[in-house]
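Undergrad: Here you go, target.pdb (PDB, C-alpha atoms and all ligand atoms):
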MODEL        1
ATOM      1  CA  MET A   1      14.352  20.520  27.710
ATOM      2  CA  MET A   2      14.338  16.983  26.391
ATOM      3  CA  ASN A   3      11.340  14.723  27.092
ATOM      4  CA  SER A   4      12.477  12.269  29.801
ATOM      5  CA  THR A   5       9.888   9.589  28.963
ATOM      6  CA  ILE A   6      11.246   9.300  25.416
ATOM      7  CA  LYS A   7      14.789   9.137  26.804
ATOM      8  CA  ASN A   8      13.815   6.342  29.231
ATOM      9  CA  ILE A   9      12.231   4.311  26.427
ATOM     10  CA  ALA A  10      15.299   4.950  24.254
ATOM     11  CA  ASP A  11      17.561   3.678  27.060
ATOM     12  CA  GLN A  12      15.705   0.362  26.875
ATOM     13  CA  SER A  13      16.202   0.135  23.109
ATOM     14  CA  LEU A  14      19.862   1.150  23.419
ATOM     15  CA  GLN A  15      20.357  -1.843  25.710
ATOM     16  CA  ASN A  16      18.309  -4.004  23.308
ATOM     17  CA  LYS A  17      15.722  -4.606  26.008
ATOM     18  CA  PRO A  18      12.204  -4.914  24.576
ATOM     19  CA  ILE A  19      10.007  -1.879  24.977
ATOM     20  CA  GLY A  20       6.358  -2.414  25.888
ATOM     21  CA  ARG A  21       3.245  -1.793  23.813
ATOM     22  CA  ASP A  22       2.427   1.150  26.091
ATOM     23  CA  ASP A  23       5.792   2.688  25.278
ATOM     24  CA  ALA A  24       5.252   2.222  21.533
ATOM     25  CA  SER A  25       1.775   3.679  21.884
ATOM     26  CA  TYR A  26       3.158   6.699  23.735
ATOM     27  CA  LEU A  27       5.686   7.293  20.956
ATOM     28  CA  MET A  28       3.167   6.728  18.156
ATOM     29  CA  ASN A  29       0.862   9.347  19.694
ATOM     30  CA  ILE A  30       3.438  12.108  20.052
ATOM     31  CA  ASP A  31       2.045  15.078  18.208
ATOM     32  CA  SER A  32       4.158  18.057  19.244
ATOM     33  CA  ASP A  33       7.715  19.368  18.964
ATOM     34  CA  GLU A  34       8.723  16.372  21.082
ATOM     35  CA  ILE A  35       8.691  14.390  17.856
ATOM     36  CA  TYR A  36      12.172  15.844  17.253
ATOM     37  CA  ASP A  37      13.341  14.374  20.577
ATOM     38  CA  MET A  38      12.110  11.008  19.313
ATOM     39  CA  PHE A  39      14.060  11.419  16.045
ATOM     40  CA  TYR A  40      17.177  12.300  18.049
ATOM     41  CA  TRP A  41      16.948   9.079  20.065
ATOM     42  CA  ALA A  42      15.987   6.963  17.065
ATOM     43  CA  ASN A  43      19.145   8.222  15.383
ATOM     44  CA  ARG A  44      21.215   7.383  18.472
ATOM     45  CA  ILE A  45      19.784   3.846  18.446
ATOM     46  CA  ARG A  46      20.548   3.490  14.713
ATOM     47  CA  LEU A  47      24.127   4.669  15.318
ATOM     48  CA  LYS A  48      24.587   2.190  18.137
ATOM     49  CA  TYR A  49      23.650  -0.830  15.994
ATOM     50  CA  PHE A  50      24.662   0.265  12.508
ATOM     51  CA  GLY A  51      27.293   2.967  12.994
ATOM     52  CA  ASN A  52      27.614   5.271  10.054
ATOM     53  CA  CYS A  53      26.719   2.635   7.465
ATOM     54  CA  VAL A  54      23.573   2.476   5.409
ATOM     55  CA  SER A  55      22.737  -0.051   2.744
ATOM     56  CA  THR A  56      20.734   0.047  -0.451
ATOM     57  CA  CYS A  57      18.946  -2.494  -2.578
ATOM     58  CA  SER A  58      17.128  -2.597  -5.892
ATOM     59  CA  ILE A  59      14.204  -4.588  -7.146
ATOM     60  CA  MET A  60      13.020  -5.652 -10.563
ATOM     61  CA  SER A  61       9.568  -6.656 -11.626
ATOM     62  CA  ALA A  62      10.166 -10.011 -13.302
ATOM     63  CA  LYS A  63       6.525 -10.882 -13.903
ATOM     64  CA  GLN A  64       3.835  -8.278 -13.783
ATOM     65  CA  GLY A  65       0.059  -8.058 -13.529
ATOM     66  CA  LEU A  66      -2.804 -10.524 -14.053
ATOM     67  CA  CYS A  67      -2.805 -11.437 -10.380
ATOM     68  CA  THR A  68      -5.744 -13.440  -9.032
ATOM     69  CA  GLU A  69      -5.580 -11.625  -5.664
ATOM     70  CA  ASP A  70      -7.436  -8.438  -4.735
ATOM     71  CA  CYS A  71      -4.942  -6.471  -2.609
ATOM     72  CA  SER A  72      -6.587  -3.057  -2.647
ATOM     73  CA  PHE A  73      -3.339  -1.099  -2.910
ATOM     74  CA  CYS A  74      -1.940  -3.017  -5.852
ATOM     75  CA  SER A  75      -2.103  -2.148  -9.529
ATOM     76  CA  GLN A  76      -1.314  -5.734 -10.520
ATOM     77  CA  SER A  77      -4.588  -7.328  -9.507
ATOM     78  CA  ALA A  78      -6.511  -8.516 -12.574
ATOM     79  CA  ARG A  79      -9.674  -7.149 -10.915
ATOM     80  CA  TYR A  80      -8.655  -3.506 -11.244
ATOM     81  CA  HIS A  81      -8.342  -1.361 -14.346
ATOM     82  CA  THR A  82      -4.957   0.295 -14.047
ATOM     83  CA  SER A  83      -2.398   1.425 -16.589
ATOM     84  CA  THR A  84       0.243  -1.007 -15.313
ATOM     85  CA  ASN A  85       1.977  -3.051 -18.029
ATOM     86  CA  VAL A  86       1.352  -6.776 -17.944
ATOM     87  CA  PHE A  87       4.053  -9.269 -18.885
ATOM     88  CA  PRO A  88       4.949 -12.921 -18.189
ATOM     89  CA  LEU A  89       8.107 -14.062 -16.404
ATOM     90  CA  VAL A  90      11.104 -12.472 -18.110
ATOM     91  CA  ASP A  91      14.061 -14.440 -19.376
ATOM     92  CA  PRO A  92      16.721 -15.369 -16.742
ATOM     93  CA  ASP A  93      19.421 -13.659 -18.862
ATOM     94  CA  ARG A  94      17.519 -10.405 -18.693
ATOM     95  CA  ILE A  95      17.226 -10.734 -14.920
ATOM     96  CA  LEU A  96      21.000 -11.220 -14.756
ATOM     97  CA  ASN A  97      21.570  -8.066 -16.817
ATOM     98  CA  VAL A  98      19.399  -6.033 -14.457
ATOM     99  CA  ALA A  99      21.355  -7.483 -11.517
ATOM    100  CA  LYS A 100      24.638  -6.419 -13.139
ATOM    101  CA  SER A 101      23.347  -2.857 -13.611
ATOM    102  CA  ALA A 102      22.183  -2.772  -9.985
ATOM    103  CA  GLU A 103      25.639  -3.928  -8.884
ATOM    104  CA  GLN A 104      27.268  -1.093 -10.813
ATOM    105  CA  THR A 105      25.063   1.518  -9.184
ATOM    106  CA  GLY A 106      26.005   0.413  -5.662
ATOM    107  CA  SER A 107      23.100  -1.826  -4.672
ATOM    108  CA  GLY A 108      23.901  -4.611  -2.240
ATOM    109  CA  SER A 109      21.193  -6.864  -3.608
ATOM    110  CA  ILE A 110      18.655  -7.329  -6.339
ATOM    111  CA  GLY A 111      15.149  -8.448  -5.490
ATOM    112  CA  ILE A 112      13.396 -10.459  -8.185
ATOM    113  CA  VAL A 113       9.670  -9.839  -7.768
ATOM    114  CA  THR A 114       6.891 -11.792  -9.452
ATOM    115  CA  SER A 115       3.182 -11.021  -9.315
ATOM    116  CA  GLY A 116       0.639 -13.585  -8.236
ATOM    117  CA  TYR A 117      -0.491 -15.634  -5.281
ATOM    118  CA  ARG A 118       2.427 -18.034  -5.730
ATOM    119  CA  ILE A 119       4.875 -19.315  -8.365
ATOM    120  CA  ASN A 120       2.523 -20.840 -10.944
ATOM    121  CA  SER A 121       4.366 -23.762 -12.496
ATOM    122  CA  SER A 122       7.490 -25.907 -12.321
ATOM    123  CA  CYS A 123       8.617 -24.153 -15.512
ATOM    124  CA  GLU A 124       8.466 -20.750 -13.798
ATOM    125  CA  LEU A 125      10.230 -22.120 -10.740
ATOM    126  CA  ALA A 126      13.033 -23.545 -12.910
ATOM    127  CA  ASP A 127      13.527 -20.182 -14.679
ATOM    128  CA  ILE A 128      13.575 -18.289 -11.375
ATOM    129  CA  SER A 129      16.085 -20.782 -10.036
ATOM    130  CA  ARG A 130      18.318 -20.301 -13.119
ATOM    131  CA  ALA A 131      18.206 -16.523 -12.647
ATOM    132  CA  ILE A 132      19.140 -16.837  -8.959
ATOM    133  CA  LYS A 133      22.062 -19.158  -9.729
ATOM    134  CA  SER A 134      23.454 -16.918 -12.443
ATOM    135  CA  ILE A 135      23.267 -13.817 -10.201
ATOM    136  CA  ALA A 136      25.093 -15.708  -7.443
ATOM    137  CA  GLU A 137      27.766 -16.897  -9.894
ATOM    138  CA  ASN A 138      28.254 -13.751 -11.973
ATOM    139  CA  THR A 139      27.828 -10.794  -9.626
ATOM    140  CA  CYS A 140      28.867  -9.736  -6.144
ATOM    141  CA  ILE A 141      25.367  -8.763  -5.095
ATOM    142  CA  HIS A 142      22.918 -10.973  -3.260
ATOM    143  CA  PRO A 143      19.939 -12.495  -5.061
ATOM    144  CA  HIS A 144      16.748 -11.837  -3.141
ATOM    145  CA  GLY A 145      13.195 -12.502  -4.231
ATOM    146  CA  SER A 146       9.502 -12.063  -3.630
ATOM    147  CA  PHE A 147       7.359 -14.837  -5.067
ATOM    148  CA  GLY A 148       4.128 -14.807  -3.061
ATOM    149  CA  ILE A 149       3.011 -17.651  -0.837
ATOM    150  CA  LEU A 150       5.622 -20.418  -0.472
ATOM    151  CA  THR A 151       5.324 -24.123   0.144
ATOM    152  CA  ARG A 152       8.072 -25.888   2.096
ATOM    153  CA  GLU A 153       9.345 -27.556  -1.066
ATOM    154  CA  THR A 154       9.509 -24.294  -3.022
ATOM    155  CA  ALA A 155      11.299 -22.483  -0.209
ATOM    156  CA  GLN A 156      13.887 -25.262   0.065
ATOM    157  CA  TYR A 157      14.372 -25.363  -3.701
ATOM    158  CA  LEU A 158      14.922 -21.587  -3.846
ATOM    159  CA  ALA A 159      17.373 -21.738  -0.941
ATOM    160  CA  LYS A 160      19.340 -24.487  -2.668
ATOM    161  CA  SER A 161      19.437 -22.389  -5.842
ATOM    162  CA  GLY A 162      21.324 -19.678  -3.927
ATOM    163  CA  LEU A 163      18.509 -17.369  -2.877
ATOM    164  CA  LYS A 164      19.663 -15.492   0.197
ATOM    165  CA  ARG A 165      16.579 -13.622   1.295
ATOM    166  CA  ILE A 166      12.857 -13.714   0.671
ATOM    167  CA  ASN A 167      10.653 -10.664   0.844
ATOM    168  CA  HIS A 168       7.124 -11.307   2.034
ATOM    169  CA  ASN A 169       5.354  -8.328   3.555
ATOM    170  CA  LEU A 170       2.591  -8.694   6.105
ATOM    171  CA  GLU A 171       1.169  -5.464   4.595
ATOM    172  CA  THR A 172      -0.713  -4.416   7.765
ATOM    173  CA  SER A 173      -1.973  -5.740  11.109
ATOM    174  CA  GLU A 174      -3.901  -9.001  11.385
ATOM    175  CA  ARG A 175      -7.007  -7.023  12.393
ATOM    176  CA  TYR A 176      -6.855  -4.692   9.380
ATOM    177  CA  PHE A 177      -5.678  -7.239   6.797
ATOM    178  CA  PRO A 178      -9.223  -8.271   5.670
ATOM    179  CA  HIS A 179      -9.849  -4.598   4.819
ATOM    180  CA  VAL A 180      -7.065  -4.677   2.217
ATOM    181  CA  CYS A 181      -7.260  -8.261   0.920
ATOM    182  CA  SER A 182     -10.067 -10.825   0.839
ATOM    183  CA  THR A 183      -8.511 -13.523  -1.347
ATOM    184  CA  HIS A 184      -5.929 -14.798   1.101
ATOM    185  CA  THR A 185      -5.317 -14.429   4.819
ATOM    186  CA  PHE A 186      -2.846 -12.859   7.184
ATOM    187  CA  VAL A 187      -2.256 -16.333   8.624
ATOM    188  CA  GLU A 188      -1.091 -17.590   5.206
ATOM    189  CA  ARG A 189       1.395 -14.727   5.030
ATOM    190  CA  VAL A 190       2.748 -15.474   8.505
ATOM    191  CA  SER A 191       3.026 -19.123   7.559
ATOM    192  CA  THR A 192       5.156 -18.261   4.500
ATOM    193  CA  ILE A 193       7.531 -16.308   6.739
ATOM    194  CA  ARG A 194       7.901 -19.295   9.045
ATOM    195  CA  ILE A 195       8.437 -21.667   6.104
ATOM    196  CA  ALA A 196      11.118 -19.369   4.643
ATOM    197  CA  LYS A 197      12.962 -19.202   7.956
ATOM    198  CA  GLU A 198      12.851 -22.976   8.338
ATOM    199  CA  ALA A 199      14.377 -23.276   4.850
ATOM    200  CA  GLY A 200      17.309 -21.126   6.026
ATOM    201  CA  LEU A 201      16.327 -18.010   4.112
ATOM    202  CA  GLU A 202      16.673 -14.551   5.589
ATOM    203  CA  VAL A 203      13.321 -12.805   5.761
ATOM    204  CA  CYS A 204      12.519  -9.266   4.729
ATOM    205  CA  SER A 205       8.996  -8.445   5.846
ATOM    206  CA  GLY A 206       7.246  -5.187   6.482
ATOM    207  CA  ALA A 207       4.174  -3.265   5.563
ATOM    208  CA  ILE A 208       2.459  -0.519   3.678
ATOM    209  CA  PHE A 209       1.352   2.371   5.852
ATOM    210  CA  GLY A 210      -1.349   4.881   4.996
ATOM    211  CA  MET A 211      -4.053   2.438   3.885
ATOM    212  CA  GLY A 212      -6.574   3.675   6.475
ATOM    213  CA  GLU A 213      -5.215   1.637   9.384
ATOM    214  CA  GLU A 214      -5.362   2.912  12.963
ATOM    215  CA  THR A 215      -2.366   3.740  15.144
ATOM    216  CA  GLU A 216      -2.998   0.512  17.078
ATOM    217  CA  ASP A 217      -2.739  -1.478  13.817
ATOM    218  CA  ARG A 218       0.703   0.006  13.208
ATOM    219  CA  ILE A 219       1.803  -0.983  16.689
ATOM    220  CA  ASP A 220       0.333  -4.491  16.336
ATOM    221  CA  LEU A 221       2.184  -4.961  13.083
ATOM    222  CA  LEU A 222       5.556  -3.874  14.521
ATOM    223  CA  PHE A 223       5.195  -6.270  17.447
ATOM    224  CA  THR A 224       4.176  -9.120  15.123
ATOM    225  CA  LEU A 225       7.338  -8.534  13.077
ATOM    226  CA  LYS A 226       9.372  -8.483  16.280
ATOM    227  CA  HIS A 227       7.759 -11.715  17.419
ATOM    228  CA  LEU A 228       8.521 -13.363  14.041
ATOM    229  CA  ASP A 229      12.137 -12.193  14.349
ATOM    230  CA  VAL A 230      12.383 -11.066  10.719
ATOM    231  CA  ASP A 231      15.762  -9.828   9.533
ATOM    232  CA  VAL A 232      14.801  -6.737   7.573
ATOM    233  CA  ILE A 233      11.736  -4.523   7.846
ATOM    234  CA  PRO A 234      10.805  -2.699   4.649
ATOM    235  CA  LEU A 235       8.502   0.245   5.308
ATOM    236  CA  ASN A 236       6.329   1.271   2.369
ATOM    237  CA  PHE A 237       3.996   4.260   2.321
ATOM    238  CA  LEU A 238       0.933   4.120   0.128
ATOM    239  CA  CYS A 239       1.109   5.809  -3.249
ATOM    240  CA  PRO A 240      -2.543   5.648  -4.301
ATOM    241  CA  ILE A 241      -2.743   4.180  -7.791
ATOM    242  CA  PRO A 242      -5.607   5.191 -10.099
ATOM    243  CA  GLY A 243      -7.920   2.268 -10.742
ATOM    244  CA  THR A 244      -7.328   0.580  -7.377
ATOM    245  CA  PRO A 245      -9.834   0.756  -4.486
ATOM    246  CA  LEU A 246      -7.407   2.982  -2.566
ATOM    247  CA  GLU A 247      -6.961   5.493  -5.398
ATOM    248  CA  ASP A 248      -8.519   8.377  -3.434
ATOM    249  CA  THR A 249      -6.629   7.779  -0.194
ATOM    250  CA  ALA A 250      -4.766  10.847   1.084
ATOM    251  CA  LEU A 251      -0.974  10.638   1.397
ATOM    252  CA  LEU A 252       0.545  10.519   4.866
ATOM    253  CA  THR A 253       2.293  13.680   6.019
ATOM    254  CA  PRO A 254       6.110  13.636   6.062
ATOM    255  CA  LEU A 255       6.227  13.904   9.869
ATOM    256  CA  GLU A 256       3.789  10.989  10.214
ATOM    257  CA  VAL A 257       6.051   8.876   8.004
ATOM    258  CA  LEU A 258       9.137   9.842  10.027
ATOM    259  CA  LYS A 259       7.306   9.008  13.243
ATOM    260  CA  ILE A 260       6.468   5.503  11.970
ATOM    261  CA  ILE A 261      10.140   4.986  11.053
ATOM    262  CA  SER A 262      11.253   6.120  14.510
ATOM    263  CA  VAL A 263       8.804   3.942  16.429
ATOM    264  CA  CYS A 264       9.916   0.983  14.311
ATOM    265  CA  ARG A 265      13.529   1.734  15.316
ATOM    266  CA  PHE A 266      12.580   1.825  19.024
ATOM    267  CA  VAL A 267      10.642  -1.472  18.796
ATOM    268  CA  LEU A 268      13.214  -3.282  16.622
ATOM    269  CA  PRO A 269      16.431  -1.531  17.620
ATOM    270  CA  ASP A 270      18.973  -3.843  15.988
ATOM    271  CA  LYS A 271      17.098  -4.771  12.804
ATOM    272  CA  GLU A 272      17.663  -3.342   9.356
ATOM    273  CA  ILE A 273      14.864  -0.874   8.662
ATOM    274  CA  LYS A 274      14.538  -0.225   4.962
ATOM    275  CA  ILE A 275      12.547   2.611   3.444
ATOM    276  CA  ALA A 276      10.899   1.357   0.288
ATOM    277  CA  GLY A 277       7.957   2.381  -1.908
ATOM    278  CA  GLY A 278       6.221   5.714  -1.505
ATOM    279  CA  ARG A 279       9.212   7.535  -0.027
ATOM    280  CA  GLU A 280       9.300  10.291  -2.651
ATOM    281  CA  LYS A 281       5.606  11.190  -2.544
ATOM    282  CA  ASN A 282       5.026  10.823   1.200
ATOM    283  CA  LEU A 283       8.270  12.310   2.525
ATOM    284  CA  ARG A 284       8.736  14.916  -0.210
ATOM    285  CA  ASP A 285      11.551  17.314   0.825
ATOM    286  CA  LEU A 286      12.132  15.403   4.064
ATOM    287  CA  GLN A 287      13.505  12.279   2.386
ATOM    288  CA  SER A 288      16.989  12.738   3.799
ATOM    289  CA  TRP A 289      15.482  12.777   7.316
ATOM    290  CA  MET A 290      14.659   9.071   7.062
ATOM    291  CA  PHE A 291      18.095   8.117   8.396
ATOM    292  CA  TYR A 292      17.887  10.615  11.252
ATOM    293  CA  ALA A 293      14.485   9.106  12.069
ATOM    294  CA  GLY A 294      16.113   5.674  12.392
ATOM    295  CA  ALA A 295      16.216   3.993   8.981
ATOM    296  CA  SER A 296      19.391   2.085   8.161
ATOM    297  CA  SER A 297      18.668   1.164   4.569
ATOM    298  CA  THR A 298      16.747   2.286   1.532
ATOM    299  CA  MET A 299      15.596   0.989  -1.785
ATOM    300  CA  ILE A 300      17.001   2.868  -4.753
ATOM    301  CA  GLY A 301      15.895   3.041  -8.365
ATOM    302  CA  ASN A 302      12.388   2.261  -9.530
ATOM    303  CA  TYR A 303       9.805   0.369  -7.528
ATOM    304  CA  LEU A 304       7.587  -2.354  -8.967
ATOM    305  CA  THR A 305       5.087  -0.266 -10.858
ATOM    306  CA  THR A 306       6.030   3.269  -9.836
ATOM    307  CA  GLU A 307       9.172   5.265 -10.542
ATOM    308  CA  GLY A 308      11.680   6.229  -7.886
ATOM    309  CA  ARG A 309      13.771   9.369  -8.188
ATOM    310  CA  GLY A 310      17.137   9.014  -9.956
ATOM    311  CA  ILE A 311      19.658   6.727  -8.257
ATOM    312  CA  GLU A 312      22.302   9.459  -8.474
ATOM    313  CA  ASN A 313      20.113  11.714  -6.282
ATOM    314  CA  ASP A 314      19.931   9.038  -3.583
ATOM    315  CA  LEU A 315      23.660   8.318  -3.709
ATOM    316  CA  GLN A 316      24.355  12.067  -3.475
ATOM    317  CA  MET A 317      21.986  12.326  -0.483
ATOM    318  CA  ILE A 318      23.893   9.547   1.310
ATOM    319  CA  LYS A 319      27.216  11.248   0.504
ATOM    320  CA  ASP A 320      25.966  14.670   1.644
ATOM    321  CA  LEU A 321      24.893  13.157   4.977
ATOM    322  CA  LYS A 322      28.423  11.723   5.329
ATOM    323  CA  LEU A 323      26.951   8.256   5.635
ATOM    324  CA  GLU A 324      28.912   5.319   4.376
ATOM    325  CA  LEU A 325      27.389   3.040   1.754
ATOM    326  CA  LYS A 326      27.706  -0.544   2.909
ATOM    327  CA  ARG A 327      28.639  -2.870   0.047
ATOM    328  CA  SER A 328      27.848  -6.560   0.106
TER     329      SER A 328
HETATM  330  S1  LIG B 401       0.277  -7.477  -3.854
HETATM  331 FE1  LIG B 401       0.960  -9.393  -4.840
HETATM  332  S2  LIG B 401      -0.692 -10.836  -4.355
HETATM  333 FE2  LIG B 401      -1.554  -8.789  -4.003
HETATM  334  S3  LIG B 401      -2.533  -8.208  -5.956
HETATM  335 FE3  LIG B 401      -0.435  -7.396  -6.001
HETATM  336  S4  LIG B 401       0.763  -8.968  -7.054
HETATM  337 FE4  LIG B 401      -1.158  -9.921  -6.380
ENDMDL
END
Written as structure tokens, how would this file's structure read?
TA:
Amino acid sequence: MMNSTIKNIADQSLQNKPIGRDDASYLMNIDSDEIYDMFYWANRIRLKYFGNCVSTCSIMSAKQGLCTEDCSFCSQSARYHTSTNVFPLVDPDRILNVAKSAEQTGSGSIGIVTSGYRINSSCELADISRAIKSIAENTCIHPHGSFGILTRETAQYLAKSGLKRINHNLETSERYFPHVCSTHTFVERVSTIRIAKEAGLEVCSGAIFGMGEETEDRIDLLFTLKHLDVDVIPLNFLCPIPGTPLEDTALLTPLEVLKIISVCRFVLPDKEIKIAGGREKNLRDLQSWMFYAGASSTMIGNYLTTEGRGIENDLQMIKDLKLELKRS
């Protein structure tokens, strides 16, 4: 028999009425076969708001390494000794070529990602702007980007260049943030999200799970994202990288990952939930379950400094599930 509490919470989400923290806590603490009831309802909620369509996106690392920050999960901090390649901002023409390849493989967008606290110079900003303009003019996919902390002026300049969406993850809850980064604050990250919204940019903001945070941190984070009314929530799952402080952290279990996806769907029923980095290692054979657990989108291809599985495998998975790939 189906768990009636989960059904009652799902009814709220199906009517797009906010569920309470207690409800999210109840769901996050399910640790029995009832987890499958939660997946069932998360899938029903996804179907209500997104139908049979799922979307995909790709990212490219356009500037890598030598970062002044100390995010403990990241191989690009100059403080850690990792095997990640280091390179300066790549040429705008090369960014355009990557965008064209992403378009051909079915991605709806290309995210240009640069390492660092913020865009370093007016020269870098001008090159990023040129890349954004040429993607907007020469492809049918949307230019998105992730450029660290933004000032008002930078956000407005990027928006005028044709940038559609900014990615700026909160990474974790406000309480846990100082455990993963000491060189900037959670408040600065929230402020960048607000600045981006004011500049008319769509905001993609999520987190990395599995960094040692508590269940309550996960719930706090989801409600912060709801409060900020972000457009897309990318869910990353830690892939411990040798040389970083989190290198010995254990992976999450596949069911734990699916549970986080489902609770996110209940809390943010009508928002795009995108499964991003760490999917392959943390979900293993259960990758195709991410949609049944409530995800409506996934990143395909390689991540910033780690490899994804082949794009053709992901496109085949979507086809086998009889889901429709939403094109931009
Ligand atoms: S996550 Fe971004 S800000 Fe933090 S160390 Fe990596 S590149 Fe730097």
Undergrad: Quick one: distance from CA of Glu216 in chain A to atom FE3 of ligand LIG 401 (chain B) in Å, one decimal?
TA: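 CA of Glu216 in chain A sits 24.5 Å away from atom FE3 of ligand LIG 401 (chain B).
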Undergrad: Just want the 10 Å neighbourhood of Thr215 in chain A, counted on all atoms listed in the file, with same-chain residues fewer than 3 positions away dropped. Output as a PyMOL selection string.
TA: chain A and resi 25+28-29+212+218-220+260
Undergrad: Please write the residues from the selection above to a file, keeping C-alpha atoms, as an mmCIF file, keeping the file's coordinate frame.
TA:
data_model
loop_
_atom_site.group_PDB
_atom_site.id
_atom_site.type_symbol
_atom_site.label_atom_id
_atom_site.label_comp_id
_atom_site.auth_asym_id
_atom_site.auth_seq_id
_atom_site.Cartn_x
_atom_site.Cartn_y
_atom_site.Cartn_z
ATOM 1 C CA SER A 25 1.775 3.679 21.884
ATOM 2 C CA MET A 28 3.167 6.728 18.156
ATOM 3 C CA ASN A 29 0.862 9.347 19.694
ATOM 4 C CA GLY A 212 -6.574 3.675 6.475
ATOM 5 C CA ARG A 218 0.703 0.006 13.208
ATOM 6 C CA ILE A 219 1.803 -0.983 16.689
ATOM 7 C CA ASP A 220 0.333 -4.491 16.336
ATOM 8 C CA ILE A 260 6.468 5.503 11.970
#
Undergrad: Please determine, counting only C-alpha atoms and all ligand atoms, which residue among A:Leu315, A:Ala159, A:Ile241, A:Ala42 has the shortest atom-to-atom distance to ligand LIG 401 (chain B).
TA: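 With only C-alpha atoms and all ligand atoms as the atom set, the closest residue is A:Ile241.
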Undergrad: Mind dumping a table of every chain A residue within 8 Å of ligand LIG 401 (chain B), with the nearest atom pair and its distance in Å to one decimal, using all atoms listed in the file, sorted by chain and rising number, as a tab-separated table?
TA:
residue	atom	partner	partner_atom	distance
A:Gln64	CA	B:LIG401	S4	7.4
A:Gly65	CA	B:LIG401	S4	6.6
A:Leu66	CA	B:LIG401	FE4	7.9
A:Cys67	CA	B:LIG401	FE4	4.6
A:Thr68	CA	B:LIG401	FE4	6.4
A:Glu69	CA	B:LIG401	S3	4.6
A:Asp70	CA	B:LIG401	S3	5.1
A:Cys71	CA	B:LIG401	FE2	4.3
A:Ser72	CA	B:LIG401	S3	7.3
A:Phe73	CA	B:LIG401	S1	7.4
A:Cys74	CA	B:LIG401	FE3	4.6
A:Ser75	CA	B:LIG401	FE3	6.5
A:Gln76	CA	B:LIG401	FE3	4.9
A:Ser77	CA	B:LIG401	S3	4.2
A:Ala78	CA	B:LIG401	S3	7.7
A:Thr114	CA	B:LIG401	S4	7.2
A:Ser115	CA	B:LIG401	S4	3.9
A:Gly116	CA	B:LIG401	FE4	4.5
A:Tyr117	CA	B:LIG401	S2	4.9
A:Arg118	CA	B:LIG401	S2	8.0
A:Gly148	CA	B:LIG401	S2	6.4
A:Cys181	CA	B:LIG401	FE2	7.6
Undergrad: For His142 in chain A, which residue out of A:Ile119, A:Ile261, A:Cys57, A:Ala196 is the nearest one, using only C-alpha atoms?
TA: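 Residue with the minimum atom-to-atom distance to His142 in chain A: A:Cys57.
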Undergrad: Which of these, A:Trp289, A:His184, A:Ile300, A:Ser13, has the shortest distance to Glu312 in chain A once you count all atoms listed in the file?
TA: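 Counting all atoms listed in the file, the residue closest to Glu312 in chain A is A:Ile300.
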Undergrad: Rounded to one decimal in Å, what is the spacing between CA of Asp229 in chain A and CA of Phe291 in chain A?
TA: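 Computed distance, CA of Asp229 in chain A to CA of Phe291 in chain A, equals 22.0 Å.
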Undergrad: With distances taken over all atoms listed in the file, which residue among A:Ile6, A:Leu14, A:Ala155, A:Ile141 lies nearest Thr56 in chain A?
TA: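 Among the listed residues, A:Ile141 lies closest to Thr56 in chain A.
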Undergrad: Can you tell me which residues surround Leu170 in chain A at a distance of at most 6 Å, considering all atoms listed in the file, apart from same-chain residues fewer than 2 positions away, and format the answer as a list in words?
TA: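 Contacts, in chain order: Thr172, Gly206 and Ala207 of chain A.
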Undergrad: Would you mind reading off the distance between CA of Glu124 in chain A and CA of Val232 in chain A, one decimal, in Å?
TA: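 That distance, rounded to one decimal, is 26.3 Å.
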Undergrad: Near Asp285 in chain A, counting only C-alpha atoms, which residues have an atom at most 12 Å away, once you skip same-chain residues fewer than 4 positions from it, shown as a PyMOL selection string?
TA: chain A and resi 253-255+279-281+289-290+317
Undergrad: Rebuild range 120-127 of chain A so that it carries N, CA and C atoms, then output the result as a PDB file, in the frame of the given file.
TA:
ATOM      1  N   ASN A 120       3.617 -20.084 -10.316  1.00  0.00           N
ATOM      2  CA  ASN A 120       2.523 -20.840 -10.944  1.00  0.00           C
ATOM      3  C   ASN A 120       2.848 -22.240 -11.425  1.00  0.00           C
ATOM      4  N   SER A 121       4.087 -22.471 -11.862  1.00  0.00           N
ATOM      5  CA  SER A 121       4.366 -23.762 -12.496  1.00  0.00           C
ATOM      6  C   SER A 121       5.813 -24.167 -12.236  1.00  0.00           C
ATOM      7  N   SER A 122       6.106 -25.441 -12.506  1.00  0.00           N
ATOM      8  CA  SER A 122       7.490 -25.907 -12.321  1.00  0.00           C
ATOM      9  C   SER A 122       8.405 -25.233 -13.343  1.00  0.00           C
ATOM     10  N   CYS A 123       7.846 -24.862 -14.486  1.00  0.00           N
ATOM     11  CA  CYS A 123       8.617 -24.153 -15.512  1.00  0.00           C
ATOM     12  C   CYS A 123       9.081 -22.785 -14.993  1.00  0.00           C
ATOM     13  N   GLU A 124       8.133 -22.066 -14.370  1.00  0.00           N
ATOM     14  CA  GLU A 124       8.466 -20.750 -13.798  1.00  0.00           C
ATOM     15  C   GLU A 124       9.501 -20.904 -12.686  1.00  0.00           C
ATOM     16  N   LEU A 125       9.297 -21.898 -11.853  1.00  0.00           N
ATOM     17  CA  LEU A 125      10.230 -22.120 -10.740  1.00  0.00           C
ATOM     18  C   LEU A 125      11.629 -22.413 -11.273  1.00  0.00           C
ATOM     19  N   ALA A 126      11.724 -23.207 -12.336  1.00  0.00           N
ATOM     20  CA  ALA A 126      13.033 -23.545 -12.910  1.00  0.00           C
ATOM     21  C   ALA A 126      13.709 -22.290 -13.467  1.00  0.00           C
ATOM     22  N   ASP A 127      12.949 -21.420 -14.131  1.00  0.00           N
ATOM     23  CA  ASP A 127      13.527 -20.182 -14.679  1.00  0.00           C
ATOM     24  C   ASP A 127      13.993 -19.245 -13.562  1.00  0.00           C
TER      25      ASP A 127
END
